[in-house]
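For reference, run.csv (CSV, C-alpha atoms):
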```
chain,number,residue,atom,x,y,z
O,33,MET,CA,58.2,-13.9,8.5
O,34,THR,CA,55.2,-15.6,10.0
O,35,THR,CA,53.7,-17.0,6.9
O,36,GLY,CA,51.2,-19.7,7.5
O,37,ARG,CA,50.4,-22.9,5.7
O,38,THR,CA,51.9,-22.5,2.2
O,39,PRO,CA,55.4,-21.2,1.6
O,40,ARG,CA,55.2,-18.0,-0.4
O,41,ARG,CA,57.2,-17.3,-3.5
O,42,VAL,CA,58.1,-13.7,-3.2
O,43,LEU,CA,59.3,-11.4,-6.0
O,44,VAL,CA,60.9,-8.0,-5.2
O,45,VAL,CA,60.5,-5.6,-8.1
O,46,THR,CA,62.6,-2.5,-8.2
O,47,PRO,CA,61.8,0.0,-11.0
O,48,ALA,CA,65.0,2.0,-11.7
O,49,TYR,CA,65.6,4.9,-14.0
O,50,ASN,CA,69.2,6.2,-14.0
O,51,GLU,CA,69.9,4.9,-10.5
O,52,GLN,CA,73.4,3.5,-10.9
O,53,ALA,CA,74.5,5.2,-7.7
O,54,SER,CA,72.1,3.5,-5.4
O,55,VAL,CA,70.5,0.4,-7.1
O,56,GLY,CA,73.4,-1.9,-6.2
O,57,ASP,CA,73.2,-1.2,-2.5
O,58,VAL,CA,69.4,-1.6,-2.5
O,59,VAL,CA,69.7,-5.1,-4.2
O,60,THR,CA,72.3,-6.2,-1.8
O,61,ARG,CA,70.3,-5.1,1.2
O,62,VAL,CA,67.1,-6.8,-0.1
O,63,ARG,CA,69.1,-10.0,-0.5
O,64,THR,CA,70.2,-10.0,3.1
O,65,ALA,CA,66.8,-8.8,4.5
O,66,ILE,CA,64.7,-11.5,2.7
O,67,SER,CA,67.0,-14.2,1.5
O,68,ASP,CA,64.3,-16.4,0.0
O,69,ALA,CA,63.0,-13.8,-2.4
O,70,ALA,CA,63.8,-13.3,-6.1
O,71,ILE,CA,64.8,-9.8,-7.1
O,72,LEU,CA,63.8,-8.2,-10.4
O,73,VAL,CA,65.2,-4.8,-11.4
O,74,VAL,CA,63.2,-3.2,-14.2
O,75,ASP,CA,65.6,-0.9,-15.9
O,76,ASP,CA,63.2,1.8,-17.3
O,77,GLY,CA,65.3,2.9,-20.3
O,78,SER,CA,68.2,4.2,-18.2
O,79,ALA,CA,71.1,5.9,-20.0
O,80,ASP,CA,73.6,5.0,-17.3
O,81,ALA,CA,75.0,1.7,-15.9
O,82,THR,CA,71.8,0.8,-13.9
O,83,ALA,CA,71.3,-2.6,-15.5
O,84,ALA,CA,74.9,-3.6,-15.2
O,85,VAL,CA,75.2,-2.6,-11.6
O,86,ALA,CA,71.9,-4.4,-10.7
O,87,ARG,CA,73.0,-7.6,-12.4
O,88,GLN,CA,76.4,-7.4,-10.7
O,89,ALA,CA,74.6,-7.2,-7.3
O,90,GLY,CA,72.7,-10.4,-8.1
O,91,ALA,CA,69.3,-9.2,-9.4
O,92,GLN,CA,67.5,-10.3,-12.5
O,93,VAL,CA,67.2,-7.4,-14.9
O,94,LEU,CA,64.5,-6.5,-17.4
O,95,SER,CA,65.6,-3.6,-19.6
O,96,LEU,CA,62.8,-1.6,-21.3
O,97,PRO,CA,63.7,-0.1,-24.7
O,98,TYR,CA,62.5,3.3,-23.6
O,99,ASN,CA,61.3,5.1,-20.5
O,100,LEU,CA,57.7,4.1,-19.5
O,101,GLY,CA,57.5,5.6,-16.1
O,102,VAL,CA,57.2,3.8,-12.8
O,103,GLY,CA,53.7,2.5,-13.6
O,104,GLY,CA,54.8,1.0,-16.9
O,105,ALA,CA,57.9,-0.5,-15.2
O,106,MET,CA,55.8,-2.0,-12.5
O,107,ARG,CA,53.3,-3.6,-14.9
O,108,VAL,CA,56.2,-5.4,-16.6
O,109,GLY,CA,57.2,-6.6,-13.1
O,110,TYR,CA,53.6,-7.8,-12.3
O,111,ARG,CA,53.4,-9.6,-15.6
O,112,PHE,CA,56.7,-11.3,-14.9
O,113,ALA,CA,55.4,-12.4,-11.5
O,114,ALA,CA,52.1,-13.7,-12.9
O,115,ARG,CA,53.9,-15.6,-15.7
O,116,ASN,CA,56.5,-17.2,-13.4
O,117,GLY,CA,54.1,-18.2,-10.6
O,118,PHE,CA,55.1,-15.7,-7.9
O,119,ASP,CA,52.3,-15.1,-5.4
O,120,ALA,CA,53.5,-12.0,-3.7
O,121,VAL,CA,55.2,-9.0,-5.1
O,122,VAL,CA,57.0,-6.2,-3.2
O,123,GLN,CA,57.7,-2.9,-4.9
O,124,ILE,CA,60.7,-1.1,-3.5
O,125,ASP,CA,62.4,2.1,-5.0
O,126,ALA,CA,65.9,2.0,-6.3
O,127,ASP,CA,66.9,5.3,-4.8
O,128,GLY,CA,67.4,4.1,-1.2
O,129,GLN,CA,64.3,5.8,0.1
O,130,HIS,CA,62.8,2.6,1.4
O,131,SER,CA,64.4,0.2,3.9
O,132,PRO,CA,64.6,-3.4,2.7
O,133,GLU,CA,64.5,-4.2,6.4
O,134,ASP,CA,60.8,-3.2,6.5
O,135,VAL,CA,59.8,-5.8,3.8
O,136,PRO,CA,59.1,-8.7,6.2
O,137,ALA,CA,56.5,-6.5,8.0
O,138,LEU,CA,54.8,-5.7,4.7
O,139,LEU,CA,54.7,-9.4,3.8
O,140,ALA,CA,53.4,-10.3,7.2
O,141,ALA,CA,50.5,-7.9,6.7
O,142,LEU,CA,49.5,-9.7,3.5
O,143,GLU,CA,47.9,-12.4,5.7
O,144,HIS,CA,44.9,-10.2,6.1
O,145,ALA,CA,45.1,-8.0,3.0
O,146,ASP,CA,45.7,-8.1,-0.8
O,147,VAL,CA,47.5,-4.7,-1.0
O,148,VAL,CA,49.8,-3.4,1.8
O,149,VAL,CA,51.1,0.1,1.7
O,150,GLY,CA,54.2,1.2,3.6
O,151,SER,CA,53.3,4.5,5.2
O,152,ARG,CA,55.9,7.1,6.3
O,153,PHE,CA,53.3,8.9,8.3
O,154,ALA,CA,51.8,6.1,10.3
O,155,GLY,CA,54.2,6.2,13.2
O,156,GLN,CA,57.9,5.7,12.5
O,157,GLY,CA,59.2,9.1,11.9
O,158,GLY,CA,62.3,10.6,10.1
O,159,TYR,CA,60.7,11.9,7.0
O,160,ALA,CA,60.0,15.6,6.4
O,161,VAL,CA,57.9,17.1,3.7
O,162,GLY,CA,56.8,20.7,3.0
O,163,ARG,CA,53.6,22.0,4.6
O,164,LEU,CA,51.6,22.5,1.4
O,165,ARG,CA,52.6,19.1,0.1
O,166,ARG,CA,51.7,17.5,3.4
O,167,ALA,CA,48.2,19.1,3.3
O,168,VAL,CA,47.6,17.9,-0.2
O,169,MET,CA,48.8,14.4,0.6
O,170,ARG,CA,46.5,14.4,3.7
O,171,TRP,CA,43.5,15.4,1.6
O,172,LEU,CA,44.2,12.7,-1.1
O,173,ALA,CA,44.7,10.2,1.7
O,174,ARG,CA,41.2,11.0,3.1
O,175,ARG,CA,39.6,10.6,-0.2
O,176,LEU,CA,41.3,7.3,-0.9
O,177,SER,CA,40.5,6.1,2.6
O,178,ARG,CA,36.8,6.5,1.7
O,179,VAL,CA,37.2,4.7,-1.6
O,180,THR,CA,39.2,1.7,-0.1
O,181,GLY,CA,37.3,1.5,3.2
O,182,THR,CA,40.6,1.5,5.1
O,183,LEU,CA,42.3,4.3,7.0
O,184,LEU,CA,45.2,5.3,4.9
O,185,THR,CA,47.8,8.0,5.7
O,186,ASP,CA,50.3,7.8,2.8
O,187,VAL,CA,48.7,7.0,-0.5
O,188,THR,CA,51.6,8.3,-2.6
O,189,SER,CA,54.0,5.8,-1.1
O,190,GLY,CA,55.7,3.6,-3.7
O,191,PHE,CA,56.7,1.0,-1.0
O,192,ARG,CA,54.1,-1.8,-1.3
O,193,ALA,CA,53.5,-5.5,-1.1
O,194,ILE,CA,50.7,-7.3,-2.9
O,195,GLY,CA,49.3,-10.8,-2.6
O,196,PRO,CA,48.2,-13.4,-5.2
O,197,ARG,CA,44.8,-12.0,-6.0
O,198,ALA,CA,46.2,-8.5,-6.5
O,199,VAL,CA,49.1,-9.9,-8.7
O,200,ALA,CA,46.5,-11.5,-11.0
O,201,ILE,CA,44.6,-8.2,-11.4
O,202,PHE,CA,47.6,-5.8,-11.5
O,203,ALA,CA,49.2,-7.9,-14.3
O,204,ARG,CA,46.2,-7.0,-16.4
O,205,VAL,CA,44.9,-3.6,-15.2
O,206,TYR,CA,47.6,-1.3,-13.9
O,207,PRO,CA,47.9,2.5,-14.4
O,208,VAL,CA,50.6,3.2,-16.9
O,209,GLU,CA,50.3,7.0,-17.0
O,210,TYR,CA,53.5,8.8,-16.1
O,211,LEU,CA,53.7,9.4,-12.3
O,212,GLY,CA,50.1,8.3,-11.9
O,213,ASP,CA,50.6,4.9,-10.5
O,214,THR,CA,50.5,5.1,-6.7
O,215,VAL,CA,47.0,6.6,-6.2
O,216,GLU,CA,45.5,4.9,-9.2
O,217,ALA,CA,46.6,1.5,-8.1
O,218,LEU,CA,44.7,1.9,-4.9
O,219,VAL,CA,41.6,3.0,-6.8
O,220,ILE,CA,41.9,-0.1,-9.0
O,221,ALA,CA,42.4,-2.3,-6.0
O,222,ALA,CA,39.3,-0.9,-4.3
O,223,ARG,CA,37.1,-1.1,-7.3
O,224,SER,CA,38.2,-4.7,-7.9
O,225,GLY,CA,37.2,-5.7,-4.4
O,226,LEU,CA,40.8,-6.1,-3.0
O,227,ARG,CA,41.5,-5.5,0.7
O,228,VAL,CA,44.0,-2.6,1.3
O,229,ALA,CA,46.0,-2.2,4.5
O,230,GLU,CA,48.8,0.0,5.8
O,231,VAL,CA,52.0,-0.6,7.7
O,232,PRO,CA,54.3,2.0,9.2
O,233,VAL,CA,57.8,2.1,7.7
O,234,THR,CA,60.8,4.3,7.9
O,235,MET,CA,61.7,6.4,4.9
O,236,HIS,CA,64.9,8.2,4.1
O,237,GLN,CA,65.7,11.1,1.9
O,238,ARG,CA,67.0,9.9,-1.5
O,239,ALA,CA,70.5,8.3,-1.6
O,240,GLY,CA,71.2,9.2,-5.2
O,241,GLY,CA,69.7,10.3,-8.5
O,242,THR,CA,67.3,13.2,-8.9
O,243,PRO,CA,63.7,13.4,-7.5
O,244,SER,CA,60.9,13.3,-10.0
O,245,GLN,CA,58.9,16.0,-8.3
O,246,THR,CA,58.4,19.6,-9.4
O,247,VAL,CA,55.5,21.9,-8.5
O,248,VAL,CA,53.9,21.7,-11.9
O,249,LYS,CA,54.2,17.9,-12.0
O,250,GLY,CA,52.7,17.8,-8.5
O,251,VAL,CA,49.7,19.8,-9.6
O,252,ILE,CA,49.2,17.6,-12.6
O,253,TYR,CA,49.6,14.6,-10.4
O,254,VAL,CA,46.8,15.7,-8.0
O,255,LEU,CA,44.4,16.8,-10.8
O,256,ARG,CA,45.0,13.4,-12.6
O,257,ALA,CA,44.3,11.5,-9.4
O,258,VAL,CA,41.1,13.4,-8.8
O,259,ALA,CA,39.9,12.9,-12.4
O,260,MET,CA,40.8,9.2,-12.2
O,261,ILE,CA,38.9,8.7,-8.9
O,262,GLY,CA,35.9,10.4,-10.6
O,263,LEU,CA,36.1,8.4,-13.9
O,264,SER,CA,36.6,5.1,-12.1
O,265,ARG,CA,32.9,5.3,-11.0
O,266,PHE,CA,31.9,4.9,-14.7
O,267,GLN,CA,34.4,2.2,-15.6
O,268,ARG,CA,33.6,-1.5,-15.9
O,269,TRP,CA,35.7,-3.6,-13.5
O,270,PRO,CA,35.8,-7.0,-15.3
O,271,PHE,CA,38.4,-8.5,-13.0
O,272,ALA,CA,36.6,-7.8,-9.7
O,273,THR,CA,37.1,-10.7,-7.4
O,274,ALA,CA,33.9,-12.6,-6.7
O,275,ALA,CA,34.6,-13.0,-3.0
O,276,SER,CA,34.1,-9.3,-2.2
O,277,ALA,CA,32.8,-7.8,-5.4
O,278,ASP,CA,30.9,-5.1,-3.5
O,279,ALA,CA,33.8,-4.1,-1.2
O,280,GLY,CA,34.6,-1.1,-3.5
O,281,LYS,CA,31.1,0.3,-2.8
O,282,GLU,CA,31.9,1.6,0.6
O,283,SER,CA,31.6,-1.5,2.8
O,284,THR,CA,34.6,-2.7,4.7
P,280,MET,CA,16.1,29.8,-24.5
P,281,THR,CA,16.5,29.9,-28.3
P,282,GLY,CA,16.8,27.0,-30.7
P,283,ALA,CA,20.6,27.5,-31.0
P,284,HIS,CA,21.0,27.3,-27.3
P,285,LEU,CA,18.9,24.1,-27.1
P,286,LEU,CA,21.0,22.6,-29.9
P,287,THR,CA,24.3,23.5,-28.1
P,288,LEU,CA,22.9,21.8,-24.9
P,289,ILE,CA,21.9,18.7,-26.8
P,290,ALA,CA,25.3,18.5,-28.5
P,291,ALA,CA,27.1,18.9,-25.2
P,292,VAL,CA,25.1,16.2,-23.4
P,293,ALA,CA,25.5,13.8,-26.3
P,294,THR,CA,29.3,14.4,-26.3
P,295,ALA,CA,29.5,13.8,-22.6
P,296,LEU,CA,27.4,10.6,-22.7
P,297,PHE,CA,29.3,9.2,-25.6
P,298,VAL,CA,32.7,9.9,-23.9
P,299,LEU,CA,31.5,8.4,-20.6
P,300,GLU,CA,30.4,5.2,-22.4
P,301,LEU,CA,33.8,5.0,-24.0
P,302,VAL,CA,35.3,5.4,-20.4
P,303,ARG,CA,33.0,2.6,-19.1
P,304,ARG,CA,34.2,0.2,-21.8
P,305,ARG,CA,37.8,1.3,-21.3
P,306,GLN,CA,38.1,2.4,-24.9
P,307,ILE,CA,39.5,5.8,-24.1
P,308,ARG,CA,42.4,6.9,-21.9
P,309,ASP,CA,41.4,9.3,-19.2
P,310,LYS,CA,43.6,12.1,-20.4
P,311,TYR,CA,41.5,12.4,-23.6
P,312,ALA,CA,38.2,11.7,-21.8
P,313,VAL,CA,38.9,14.7,-19.4
P,314,GLN,CA,39.5,17.0,-22.4
P,315,PHE,CA,36.1,16.3,-24.0
P,316,LEU,CA,34.2,16.3,-20.7
P,317,VAL,CA,35.6,19.8,-19.9
P,318,LEU,CA,34.7,20.9,-23.4
P,319,ALA,CA,31.1,19.5,-23.0
P,320,ALA,CA,30.9,21.4,-19.6
P,321,GLY,CA,31.9,24.6,-21.3
P,322,MET,CA,29.2,24.1,-24.0
P,323,VAL,CA,26.6,23.7,-21.3
P,324,VAL,CA,27.7,26.9,-19.6
P,325,LEU,CA,27.5,28.8,-22.9
P,326,ALA,CA,24.0,27.3,-23.5
P,327,PHE,CA,22.7,28.5,-20.2
P,328,ALA,CA,24.5,31.9,-20.1
P,329,PRO,CA,24.0,33.6,-23.5
P,330,GLY,CA,25.2,36.8,-22.0
P,331,LEU,CA,28.6,35.2,-21.6
P,332,LEU,CA,29.2,34.8,-25.3
P,333,GLU,CA,28.3,38.5,-25.9
P,334,TRP,CA,30.7,39.5,-23.2
P,335,ILE,CA,33.5,37.5,-24.8
P,336,ALA,CA,32.7,39.0,-28.2
P,337,THR,CA,32.9,42.6,-26.8
P,338,THR,CA,36.1,41.8,-24.9
P,339,LEU,CA,37.7,40.4,-28.1
P,340,SER,CA,36.1,43.3,-30.1
P,341,ILE,CA,34.3,41.0,-32.4
P,342,ILE,CA,31.0,42.5,-33.6
P,343,GLU,CA,28.9,39.3,-34.1
P,344,PRO,CA,28.9,37.1,-31.0
P,345,VAL,CA,28.5,34.0,-33.2
P,346,ASN,CA,31.8,34.8,-34.8
P,347,ALA,CA,33.4,34.8,-31.4
P,348,LEU,CA,31.9,31.3,-30.9
P,349,PHE,CA,33.4,30.1,-34.2
P,350,PHE,CA,36.8,31.7,-33.3
P,351,LEU,CA,36.8,29.9,-30.0
P,352,ALA,CA,35.7,26.6,-31.5
P,353,ILE,CA,38.5,26.8,-34.1
P,354,LEU,CA,41.1,27.5,-31.4
P,355,VAL,CA,39.9,24.5,-29.4
P,356,LEU,CA,40.0,22.2,-32.5
P,357,LEU,CA,43.5,23.5,-33.4
P,358,ALA,CA,44.8,22.8,-29.8
P,359,SER,CA,43.3,19.3,-30.0
P,360,ILE,CA,44.9,18.6,-33.3
P,361,VAL,CA,48.3,19.8,-32.1
P,362,HIS,CA,48.0,17.6,-29.1
P,363,LEU,CA,47.2,14.6,-31.2
P,364,SER,CA,50.1,15.3,-33.5
P,365,TRP,CA,52.4,15.4,-30.5
P,366,GLU,CA,51.0,12.1,-29.2
P,367,ILE,CA,51.3,10.5,-32.7
P,368,SER,CA,54.9,11.7,-33.0
P,369,ARG,CA,55.8,10.0,-29.7
P,370,LEU,CA,54.0,6.8,-30.8
P,371,GLU,CA,55.9,6.8,-34.1
P,372,SER,CA,59.3,7.0,-32.4
P,373,GLU,CA,58.3,4.4,-29.8
P,374,THR,CA,57.1,1.8,-32.4
P,375,ARG,CA,60.4,2.5,-34.3
P,376,THR,CA,62.4,1.8,-31.2
P,377,LEU,CA,60.3,-1.4,-30.6
P,378,SER,CA,61.0,-2.7,-34.2
P,379,GLU,CA,64.7,-2.1,-33.7
P,380,GLU,CA,64.6,-3.9,-30.4
P,381,VAL,CA,62.8,-6.9,-32.0
P,382,ALA,CA,65.4,-7.0,-34.8
P,383,LEU,CA,68.2,-7.0,-32.3
P,384,LEU,CA,66.6,-9.7,-30.2
P,385,ARG,CA,65.9,-11.8,-33.2
P,386,LEU,CA,69.6,-11.7,-34.1
P,387,GLU,CA,70.6,-12.6,-30.6
P,388,VAL,CA,68.2,-15.6,-30.6
P,389,GLU,CA,69.5,-16.8,-34.0
P,390,VAL,CA,73.1,-16.6,-32.8
P,391,HIS,CA,72.1,-18.4,-29.6
P,392,HIS,CA,70.4,-21.2,-31.6
P,393,GLU,CA,73.4,-21.6,-33.8
P,394,HIS,CA,75.7,-22.0,-30.8
P,395,GLU,CA,73.3,-24.6,-29.3
P,396,SER,CA,73.0,-26.7,-32.5
P,397,ARG,CA,76.8,-26.6,-32.9
P,398,ASP,CA,77.2,-27.8,-29.2
P,399,THR,CA,74.9,-30.8,-29.6
P,400,GLU,CA,76.7,-32.1,-32.7
```

Whole structure, C-alpha cells version:
Amino acid sequence: MTTGRTPRRVLVVTPAYNEQASVGDVVTRVRTAISDAAILVVDDGSADATAAVARQAGAQVLSLPYNLGVGGAMRVGYRFAARNGFDAVVQIDADGQHSPEDVPALLAALEHADVVVGSRFAGQGGYAVGRLRRAVMRWLARRLSRVTGTLLTDVTSGFRAIGPRAVAIFARVYPVEYLGDTVEALVIAARSGLRVAEVPVTMHQRAGGTPSQTVVKGVIYVLRAVAMIGLSRFQRWPFATAASADAGKEST
Amino acid sequence: MTGAHLLTLIAAVATALFVLELVRRRQIRDKYAVQFLVLAAGMVVLAFAPGLLEWIATTLSIIEPVNALFFLAILVLLASIVHLSWEISRLESETRTLSEEVALLRLEVEVHHEHESRDTE
C-alpha cells in the first residue's frame, strides 16, 4: 500500500447471509492480504453457523436480529466505521467471489477518489455472464457513468472501497432496499459530490451458498435502479460535500 | 374537454406534485412514490383519451363508462390496501423481534454488570 501522509485505519466489512461454507476462508485471506485492517462480518440474520465460523476465523461479528439485505447490512457496517473512527471501509462478499488480494489496489485508488469500485469487466478476465444480463449491465453502466462523470463498466459490483468523506455520508444515507444497494450507492455518491473511480479486479464464481439472482429479481432490480436514478433528481441532498457540491451535475 | 376530464387532470397533477415534494424531503420511500406517480400518469392518460374509458367499458361489458372508472378505481385502492397490510404485517413481526432482542440484550448486560461488581469487591 502506498498510502501517503496519514496512516489509514481500514475496516473490511463482509455482509454474510448463510455463508458458513465460505466466510471463514474469506476472513482468513483478508487477514493475510491486509494485515493492518480490522475485519467486521455483518451476520445478516443467518440461520446457520456463519457468525461462529467468522468469529473463529478472527473477525468481529455483528449479528442482525433478522435479514435486512446487503444494503441494510452495509449501513450497519458504515455506522460501525463512523462511530469507531475508521476512515476507509472495504466491502467484500462472504461467498468467495472477490479476491482479498485485490484490496490493496482498491485502497490505493482512494488517493484520488472517495468511492472505488472493483470491476470484473475492466481488464482482468475470468468471469462469464449471460448475454442478456451483460447487455443490461452495460446499459446501466452507461447511465451511471453519465451520473457520476466517470467511465464505469461494472456498476453492480459489490466489491468496493470508500474513503473518509464517503464513510461520513454512507453512515447516514445508504440504500437499504433489498438488492438495491450497488447502483443506488453510486447515485448517492454522485449526488453528494463524491468522486467515483474504478479498478479492475478478478472475480470468481461463488464458492458456496446460493446466488441471490433470479430473472424476476433481476427485472425488479433494473426497474428499481431506473426509478431511483429518476427520483434522485428531485431529492434534497443535505450531506453534499461543500468541496465539490456541483460534481453531481455533470461536471467531472 | 369536459369538466370531468379537467377535474381528473387537476387531481392527477396535484397528486404527482405532492408525491414529488415528499420525495424531495425524503418523507416517502421510492417504492410507494413510484406507485402513486404511475397512478397519476394513468389518470392523465384517461383525461386526454376519453375514448379509452369507453373502450375499457365495452371490453368489460359495462354499460356506463363511468362505472368502469369506479370499478378500476376500487381495484386500485384494494390493491394498495392489501400491499399496505402486507407491509404492516412485516413491520409488526420485525418490531416484535426487536423487542425480544432488546430484552435478551438487557438480561445479558445485567448479568455482565453483576459479574463485574462481584469481581471488584

| Got a sec to pull out which chain P residues are within 7 Å of chain O, counting only C-alpha atoms, and send them as an MDAnalysis selection string? | chainID P and resid 299 302:305 376:377 380

| Which is closest to Ala69 (chain O) among O:Gly56, O:Val93, O:Phe112, O:Val122, if we use only C-alpha atoms? | O:Val122

Please tabulate, as a Markdown table, the residues of region 323-399 of chain P that come within 12 Å of region 289-294 of chain P, each with its closest pair of atoms and the distance in Å to one decimal, counting all atoms listed in the file and ordering rows by chain, then residue number upward.
```
| residue | atom | partner | partner_atom | distance |
| --- | --- | --- | --- | --- |
| P:Val323 | CA | P:Ala291 | CA | 6.2 |
| P:Val324 | CA | P:Ala291 | CA | 9.8 |
| P:Leu325 | CA | P:Ala291 | CA | 10.2 |
| P:Ala326 | CA | P:Ala291 | CA | 9.1 |
| P:Phe327 | CA | P:Ala291 | CA | 11.7 |
```

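The residue that comes closest to Leu183 (chain O), out of O:Val149, O:Val205, O:Ala137, O:Ala200 and on the basis of all atoms listed in the file, is O:Val149.
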
| Between CA of Val208 (chain O) and CA of Val73 (chain O), what is the spacing in Å? |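 So the two atoms, CA of Val73 (chain O) and CA of Val208 (chain O), lie 17.5 Å apart.
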
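Residue neighbourhood of Ala91 (chain O), excluding near-sequence residues (fewer than 6 positions): O:Leu43, O:Val44, O:Val45, O:Thr46, O:Pro47, O:Val55, O:Gly56, O:Asp57, O:Val58, O:Val59, O:Thr60, O:Arg61, O:Val62, O:Arg63, O:Ala69, O:Ala70, O:Ile71, O:Leu72, O:Val73, O:Val74, O:Asp75, O:Thr82, O:Ala83, O:Ala84, O:Val85, at 12 Å, using all atoms listed in the file.
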
| task | Could you tell me how far CA of Asp125 (chain O) lies from CA of Thr180 (chain O), in Å and to one decimal? | result | 23.7 Å

| task | Calculate how many Å separate CA of Leu316 (chain P) from CA of Val248 (chain O), rounding to one decimal. | result |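 A separation of 22.2 Å between them.
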
Around all of region 310-313 of chain P's listed atoms, make the axis-aligned box with 6 Å on each side and tell me centre and edge lengths in Å to one decimal, as JSON.
```
{"center_x": 40.9, "center_y": 13.2, "center_z": -21.5, "size_x": 17.4, "size_y": 15.0, "size_z": 16.2}
```

| field | Test item: residues at most 7 Å from Leu226 (chain O), all atoms listed in the file, excluding those fewer than 2 positions along its chain, as a PyMOL selection string | value | chain O and resi 146+198+221-222+224+228
